[in-house]
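Undergrad: File name upload29.pdb; file contents PDB, C-alpha atoms; full text below.
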```pdb
MODEL        1
ATOM      1  CA  MET A   1     -62.627 114.857  58.951  1.00  0.00           C
ATOM      2  CA  ALA A   2     -64.294 112.874  56.182  1.00  0.00           C
ATOM      3  CA  HIS A   3     -66.499 114.692  53.717  1.00  0.00           C
ATOM      4  CA  PRO A   4     -70.172 113.837  54.432  1.00  0.00           C
ATOM      5  CA  PRO A   5     -72.116 112.035  51.718  1.00  0.00           C
ATOM      6  CA  PHE A   6     -73.747 114.370  49.229  1.00  0.00           C
ATOM      7  CA  THR A   7     -77.104 115.811  50.164  1.00  0.00           C
ATOM      8  CA  PHE A   8     -80.360 115.329  48.309  1.00  0.00           C
ATOM      9  CA  GLU A   9     -79.998 118.822  46.851  1.00  0.00           C
ATOM     10  CA  GLU A  10     -76.545 118.017  45.471  1.00  0.00           C
ATOM     11  CA  LYS A  11     -77.776 114.734  44.028  1.00  0.00           C
ATOM     12  CA  SER A  12     -80.703 116.484  42.353  1.00  0.00           C
ATOM     13  CA  LYS A  13     -78.403 118.959  40.642  1.00  0.00           C
ATOM     14  CA  THR A  14     -76.411 116.127  39.084  1.00  0.00           C
ATOM     15  CA  MET A  15     -79.468 114.238  37.830  1.00  0.00           C
ATOM     16  CA  LYS A  16     -79.697 114.425  34.044  1.00  0.00           C
ATOM     17  CA  SER A  17     -83.148 112.928  33.530  1.00  0.00           C
ATOM     18  CA  PHE A  18     -86.145 111.720  35.461  1.00  0.00           C
ATOM     19  CA  ASN A  19     -88.242 108.650  34.729  1.00  0.00           C
ATOM     20  CA  PRO A  20     -91.198 109.897  32.618  1.00  0.00           C
ATOM     21  CA  HIS A  21     -93.643 107.399  34.153  1.00  0.00           C
ATOM     22  CA  ASP A  22     -92.769 108.393  37.722  1.00  0.00           C
ATOM     23  CA  THR A  23     -92.804 112.125  37.008  1.00  0.00           C
ATOM     24  CA  LYS A  24     -96.212 111.858  35.325  1.00  0.00           C
ATOM     25  CA  LYS A  25     -97.682 109.984  38.315  1.00  0.00           C
ATOM     26  CA  LEU A  26     -96.239 112.454  40.802  1.00  0.00           C
ATOM     27  CA  MET A  27     -97.177 115.526  38.777  1.00  0.00           C
ATOM     28  CA  SER A  28    -100.759 114.307  38.580  1.00  0.00           C
ATOM     29  CA  PHE A  29    -100.927 114.271  42.385  1.00  0.00           C
ATOM     30  CA  LEU A  30     -98.988 117.484  42.916  1.00  0.00           C
ATOM     31  CA  GLU A  31    -101.352 119.379  40.612  1.00  0.00           C
ATOM     32  CA  GLN A  32    -104.417 118.344  42.640  1.00  0.00           C
ATOM     33  CA  PRO A  33    -105.892 120.877  45.087  1.00  0.00           C
ATOM     34  CA  SER A  34    -104.611 120.623  48.659  1.00  0.00           C
ATOM     35  CA  SER A  35    -106.827 121.121  51.702  1.00  0.00           C
ATOM     36  CA  VAL A  36    -105.641 124.761  51.784  1.00  0.00           C
ATOM     37  CA  PRO A  37    -107.787 126.920  49.484  1.00  0.00           C
ATOM     38  CA  THR A  38    -105.931 128.175  46.383  1.00  0.00           C
ATOM     39  CA  LEU A  39    -102.904 125.889  46.953  1.00  0.00           C
ATOM     40  CA  LYS A  40    -102.057 122.731  45.063  1.00  0.00           C
ATOM     41  CA  ASN A  41    -100.367 119.765  46.715  1.00  0.00           C
ATOM     42  CA  GLY A  42     -97.143 120.831  45.020  1.00  0.00           C
ATOM     43  CA  ASN A  43     -97.257 124.175  46.811  1.00  0.00           C
ATOM     44  CA  ILE A  44     -97.624 122.328  50.116  1.00  0.00           C
ATOM     45  CA  ILE A  45     -94.462 120.256  49.620  1.00  0.00           C
ATOM     46  CA  SER A  46     -92.325 123.163  48.399  1.00  0.00           C
ATOM     47  CA  GLU A  47     -92.434 126.941  48.309  1.00  0.00           C
ATOM     48  CA  ASN A  48     -90.511 126.786  45.029  1.00  0.00           C
ATOM     49  CA  TYR A  49     -92.726 124.140  43.414  1.00  0.00           C
ATOM     50  CA  ASP A  50     -92.553 124.084  39.623  1.00  0.00           C
ATOM     51  CA  LYS A  51     -94.626 121.356  38.002  1.00  0.00           C
ATOM     52  CA  GLU A  52     -92.173 121.105  35.104  1.00  0.00           C
ATOM     53  CA  ASN A  53     -89.080 120.735  37.318  1.00  0.00           C
ATOM     54  CA  PRO A  54     -88.874 117.615  39.531  1.00  0.00           C
ATOM     55  CA  GLU A  55     -85.841 119.124  41.231  1.00  0.00           C
ATOM     56  CA  THR A  56     -88.290 121.433  43.064  1.00  0.00           C
ATOM     57  CA  TRP A  57     -90.385 118.545  44.366  1.00  0.00           C
ATOM     58  CA  GLU A  58     -89.195 118.334  47.972  1.00  0.00           C
ATOM     59  CA  GLY A  59     -89.338 115.091  49.920  1.00  0.00           C
ATOM     60  CA  ILE A  60     -88.503 112.911  46.920  1.00  0.00           C
ATOM     61  CA  VAL A  61     -85.261 111.017  46.416  1.00  0.00           C
ATOM     62  CA  TRP A  62     -84.453 109.883  42.882  1.00  0.00           C
ATOM     63  CA  ASN A  63     -82.217 106.872  42.245  1.00  0.00           C
ATOM     64  CA  ASN A  64     -79.438 106.720  39.628  1.00  0.00           C
ATOM     65  CA  ALA A  65     -81.903 105.471  37.003  1.00  0.00           C
ATOM     66  CA  GLY A  66     -84.021 108.608  37.501  1.00  0.00           C
ATOM     67  CA  GLU A  67     -86.770 106.686  39.301  1.00  0.00           C
ATOM     68  CA  CYS A  68     -88.485 107.920  42.425  1.00  0.00           C
ATOM     69  CA  SER A  69     -87.116 105.725  45.237  1.00  0.00           C
ATOM     70  CA  VAL A  70     -88.260 107.542  48.400  1.00  0.00           C
ATOM     71  CA  ILE A  71     -91.178 109.848  49.088  1.00  0.00           C
ATOM     72  CA  ASN A  72     -91.208 111.478  52.506  1.00  0.00           C
ATOM     73  CA  TRP A  73     -94.240 113.704  52.865  1.00  0.00           C
ATOM     74  CA  TYR A  74     -94.741 112.817  56.516  1.00  0.00           C
ATOM     75  CA  GLY A  75     -96.658 115.483  58.393  1.00  0.00           C
ATOM     76  CA  LYS A  76     -97.251 117.927  55.549  1.00  0.00           C
ATOM     77  CA  LYS A  77    -100.851 118.005  56.933  1.00  0.00           C
ATOM     78  CA  HIS A  78    -102.563 119.518  53.908  1.00  0.00           C
ATOM     79  CA  LEU A  79    -101.785 117.059  51.107  1.00  0.00           C
ATOM     80  CA  SER A  80    -105.142 115.896  49.753  1.00  0.00           C
ATOM     81  CA  GLY A  81    -106.705 113.713  47.124  1.00  0.00           C
ATOM     82  CA  LYS A  82    -105.759 110.521  45.354  1.00  0.00           C
ATOM     83  CA  LEU A  83    -102.142 109.409  45.089  1.00  0.00           C
ATOM     84  CA  ASN A  84    -101.617 106.794  42.383  1.00  0.00           C
ATOM     85  CA  LEU A  85     -98.080 105.437  42.258  1.00  0.00           C
ATOM     86  CA  ASN A  86     -98.893 102.243  40.354  1.00  0.00           C
ATOM     87  CA  ASP A  87     -95.910 100.718  38.540  1.00  0.00           C
ATOM     88  CA  CYS A  88     -93.307 103.033  40.103  1.00  0.00           C
ATOM     89  CA  LYS A  89     -90.774 100.209  39.978  1.00  0.00           C
ATOM     90  CA  GLY A  90     -87.982 101.934  41.929  1.00  0.00           C
ATOM     91  CA  LEU A  91     -90.127 103.123  44.859  1.00  0.00           C
ATOM     92  CA  SER A  92     -88.768 101.628  48.089  1.00  0.00           C
ATOM     93  CA  PHE A  93     -89.994 103.876  50.905  1.00  0.00           C
ATOM     94  CA  LEU A  94     -93.215 105.902  51.180  1.00  0.00           C
ATOM     95  CA  TYR A  95     -93.996 108.056  54.224  1.00  0.00           C
ATOM     96  CA  LEU A  96     -97.350 109.836  54.116  1.00  0.00           C
ATOM     97  CA  ASP A  97     -98.535 110.028  57.744  1.00  0.00           C
ATOM     98  CA  ASN A  98    -100.570 112.997  58.973  1.00  0.00           C
ATOM     99  CA  ASN A  99    -102.115 114.288  55.742  1.00  0.00           C
ATOM    100  CA  ASN A 100    -105.584 114.317  54.155  1.00  0.00           C
ATOM    101  CA  LEU A 101    -105.173 111.670  51.453  1.00  0.00           C
ATOM    102  CA  THR A 102    -108.371 109.885  50.419  1.00  0.00           C
ATOM    103  CA  SER A 103    -106.903 107.212  48.138  1.00  0.00           C
ATOM    104  CA  LEU A 104    -103.528 105.522  47.777  1.00  0.00           C
ATOM    105  CA  SER A 105    -102.457 102.972  45.191  1.00  0.00           C
ATOM    106  CA  THR A 106     -99.017 101.367  44.972  1.00  0.00           C
ATOM    107  CA  ARG A 107     -99.973  98.458  42.721  1.00  0.00           C
ATOM    108  CA  ASN A 108     -96.955  96.722  41.145  1.00  0.00           C
ATOM    109  CA  CYS A 109     -94.384  98.723  43.121  1.00  0.00           C
ATOM    110  CA  SER A 110     -92.176  95.656  43.392  1.00  0.00           C
ATOM    111  CA  GLU A 111     -89.357  97.348  45.374  1.00  0.00           C
ATOM    112  CA  LEU A 112     -91.627  98.869  48.043  1.00  0.00           C
ATOM    113  CA  GLU A 113     -90.235  97.900  51.451  1.00  0.00           C
ATOM    114  CA  GLU A 114     -91.963 100.346  53.761  1.00  0.00           C
ATOM    115  CA  LEU A 115     -95.232 102.266  53.576  1.00  0.00           C
ATOM    116  CA  THR A 116     -96.758 104.407  56.300  1.00  0.00           C
ATOM    117  CA  CYS A 117     -99.960 106.367  55.831  1.00  0.00           C
ATOM    118  CA  LYS A 118    -101.468 106.725  59.323  1.00  0.00           C
ATOM    119  CA  HIS A 119    -103.758 109.626  60.158  1.00  0.00           C
ATOM    120  CA  ASN A 120    -105.163 110.315  56.696  1.00  0.00           C
ATOM    121  CA  LYS A 121    -108.708 110.022  55.333  1.00  0.00           C
ATOM    122  CA  ILE A 122    -107.965 107.017  53.152  1.00  0.00           C
ATOM    123  CA  TRP A 123    -111.009 105.066  52.085  1.00  0.00           C
ATOM    124  CA  GLU A 124    -109.338 103.302  49.157  1.00  0.00           C
ATOM    125  CA  LEU A 125    -105.978 101.531  49.478  1.00  0.00           C
ATOM    126  CA  ASP A 126    -104.426  99.194  46.889  1.00  0.00           C
ATOM    127  CA  THR A 127    -101.001  97.675  47.532  1.00  0.00           C
ATOM    128  CA  SER A 128    -101.393  94.600  45.335  1.00  0.00           C
ATOM    129  CA  GLY A 129     -98.756  93.250  43.002  1.00  0.00           C
TER
ENDMDL
END
```
Kindly transcribe the structure held in the file into structure tokens.
TA:
Amino acid sequence: MAHPPFTFEEKSKTMKSFNPHDTKKLMSFLEQPSSVPTLKNGNIISENYDKENPETWEGIVWNNAGECSVINWYGKKHLSGKLNLNDCKGLSFLYLDNNNLTSLSTRNCSELEELTCKHNKIWELDTSG
């Protein structure tokens, strides 16, 4: 039996560094209040959320260059606020359905192939560039 490809958790443990631009953008969102009183968005995506440790940010896949390449926060339900991912050059897939986002910007995300954000409260959407 062939050994299965490594899991996201295994890949995270081998990652030496994370792209500072991408981590700053994501941390800004994760530190915003969620729709659950007293919880931040980061606490919604992971019980073990640590704002200083991207390895605890569940639903994110990092590529070999340390860039965020996939965000899968589909159905987390309580993620709220404004998500600004402008200039996240390695971002390819973004799944945000069934949350409470009010704003989403992916300007200049040149590798973005797929974006879903149905069933949110988005009133501002920018996918230019």
Undergrad: Around the point (-106.3, 122.7, 49.7) in the file's coordinates, collect all residues with an atom within 12 Å, using all atoms listed in the file, and return them as a PyMOL selection string.
TA: chain A and resi 30-44+76-81+99-101
Undergrad: Deliver the residues from the most recent selection as a file, using C-alpha atoms, as a PDB file, keeping the file's coordinate frame.
TA:
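What ended up in again.pdb:
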```
ATOM      1  CA  LEU A  30     -98.988 117.484  42.916  1.00  0.00           C
ATOM      2  CA  GLU A  31    -101.352 119.379  40.612  1.00  0.00           C
ATOM      3  CA  GLN A  32    -104.417 118.344  42.640  1.00  0.00           C
ATOM      4  CA  PRO A  33    -105.892 120.877  45.087  1.00  0.00           C
ATOM      5  CA  SER A  34    -104.611 120.623  48.659  1.00  0.00           C
ATOM      6  CA  SER A  35    -106.827 121.121  51.702  1.00  0.00           C
ATOM      7  CA  VAL A  36    -105.641 124.761  51.784  1.00  0.00           C
ATOM      8  CA  PRO A  37    -107.787 126.920  49.484  1.00  0.00           C
ATOM      9  CA  THR A  38    -105.931 128.175  46.383  1.00  0.00           C
ATOM     10  CA  LEU A  39    -102.904 125.889  46.953  1.00  0.00           C
ATOM     11  CA  LYS A  40    -102.057 122.731  45.063  1.00  0.00           C
ATOM     12  CA  ASN A  41    -100.367 119.765  46.715  1.00  0.00           C
ATOM     13  CA  GLY A  42     -97.143 120.831  45.020  1.00  0.00           C
ATOM     14  CA  ASN A  43     -97.257 124.175  46.811  1.00  0.00           C
ATOM     15  CA  ILE A  44     -97.624 122.328  50.116  1.00  0.00           C
ATOM     16  CA  LYS A  76     -97.251 117.927  55.549  1.00  0.00           C
ATOM     17  CA  LYS A  77    -100.851 118.005  56.933  1.00  0.00           C
ATOM     18  CA  HIS A  78    -102.563 119.518  53.908  1.00  0.00           C
ATOM     19  CA  LEU A  79    -101.785 117.059  51.107  1.00  0.00           C
ATOM     20  CA  SER A  80    -105.142 115.896  49.753  1.00  0.00           C
ATOM     21  CA  GLY A  81    -106.705 113.713  47.124  1.00  0.00           C
ATOM     22  CA  ASN A  99    -102.115 114.288  55.742  1.00  0.00           C
ATOM     23  CA  ASN A 100    -105.584 114.317  54.155  1.00  0.00           C
ATOM     24  CA  LEU A 101    -105.173 111.670  51.453  1.00  0.00           C
TER      25      LEU A 101
END
```
Undergrad: Residues around (-88.5, 102.1, 47.5), cut-off 9 Å, counting only C-alpha atoms - what are they as a list in words?
TA: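 Within the cut-off we find Cys68, Ser69, Val70, Ile71, Cys88, Lys89, Gly90, Leu91, Ser92, Phe93, Leu94, Cys109, Ser110, Glu111, Leu112, Glu113 and Glu114 of chain A.
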Undergrad: Between A:Asn53, A:Lys118, A:Asp87, A:Thr102, which residue has the minimum interatomic distance to Gly75 (chain A), considering only C-alpha atoms?
TA: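 Counting only C-alpha atoms, the residue closest to Gly75 (chain A) is A:Lys118.
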Undergrad: For a test of reading the model, state the distance in Å between CA of Asn98 (chain A) and CA of His21 (chain A), rounded to one decimal.
TA: 26.4 Å
Undergrad: Could you check how far CA of Ile45 (chain A) sits from CA of Glu124 (chain A), in Å to one decimal?
TA: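 Taking CA of Ile45 (chain A) as the start and CA of Glu124 (chain A) as the end point, the length is 22.6 Å.
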Undergrad: What is the distance, in Å and to one decimal place, between CA of Lys121 (chain A) and CA of Phe29 (chain A)?
TA: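 Distance reported for this atom pair: 15.7 Å.
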Undergrad: From the set A:Ser105, A:Ala65, A:Asn19, A:Leu26, which residue has the shortest atom-to-atom contact distance to Cys117 (chain A), counting all atoms listed in the file?
TA: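 The shortest atom-to-atom distance to Cys117 (chain A) comes from A:Ser105.
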Undergrad: Running the PyMOL selection byres ((chain A and resi 56) around 10) on this model by hand, what would come out? Give it as a list of chain:residue names.
TA: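 Here the PyMOL selection byres ((chain A and resi 56) around 10) matches A:Glu9, A:Ser12, A:Gly42, A:Ile45, A:Ser46, A:Glu47, A:Asn48, A:Tyr49, A:Asp50, A:Lys51, A:Glu52, A:Asn53, A:Pro54, A:Glu55, A:Trp57, A:Glu58, A:Gly59, A:Ile60.
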Undergrad: Going by the chain IDs and residue numbers used in this file, which residues fall under the PyMOL selection byres ((chain A and resi 18) around 7)? Write them as a list of chain:residue names.
TA: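 Given this file, the PyMOL selection byres ((chain A and resi 18) around 7) evaluates to A:Ser17, A:Asn19, A:Pro20, A:Thr23, A:Gly66, A:Glu67.
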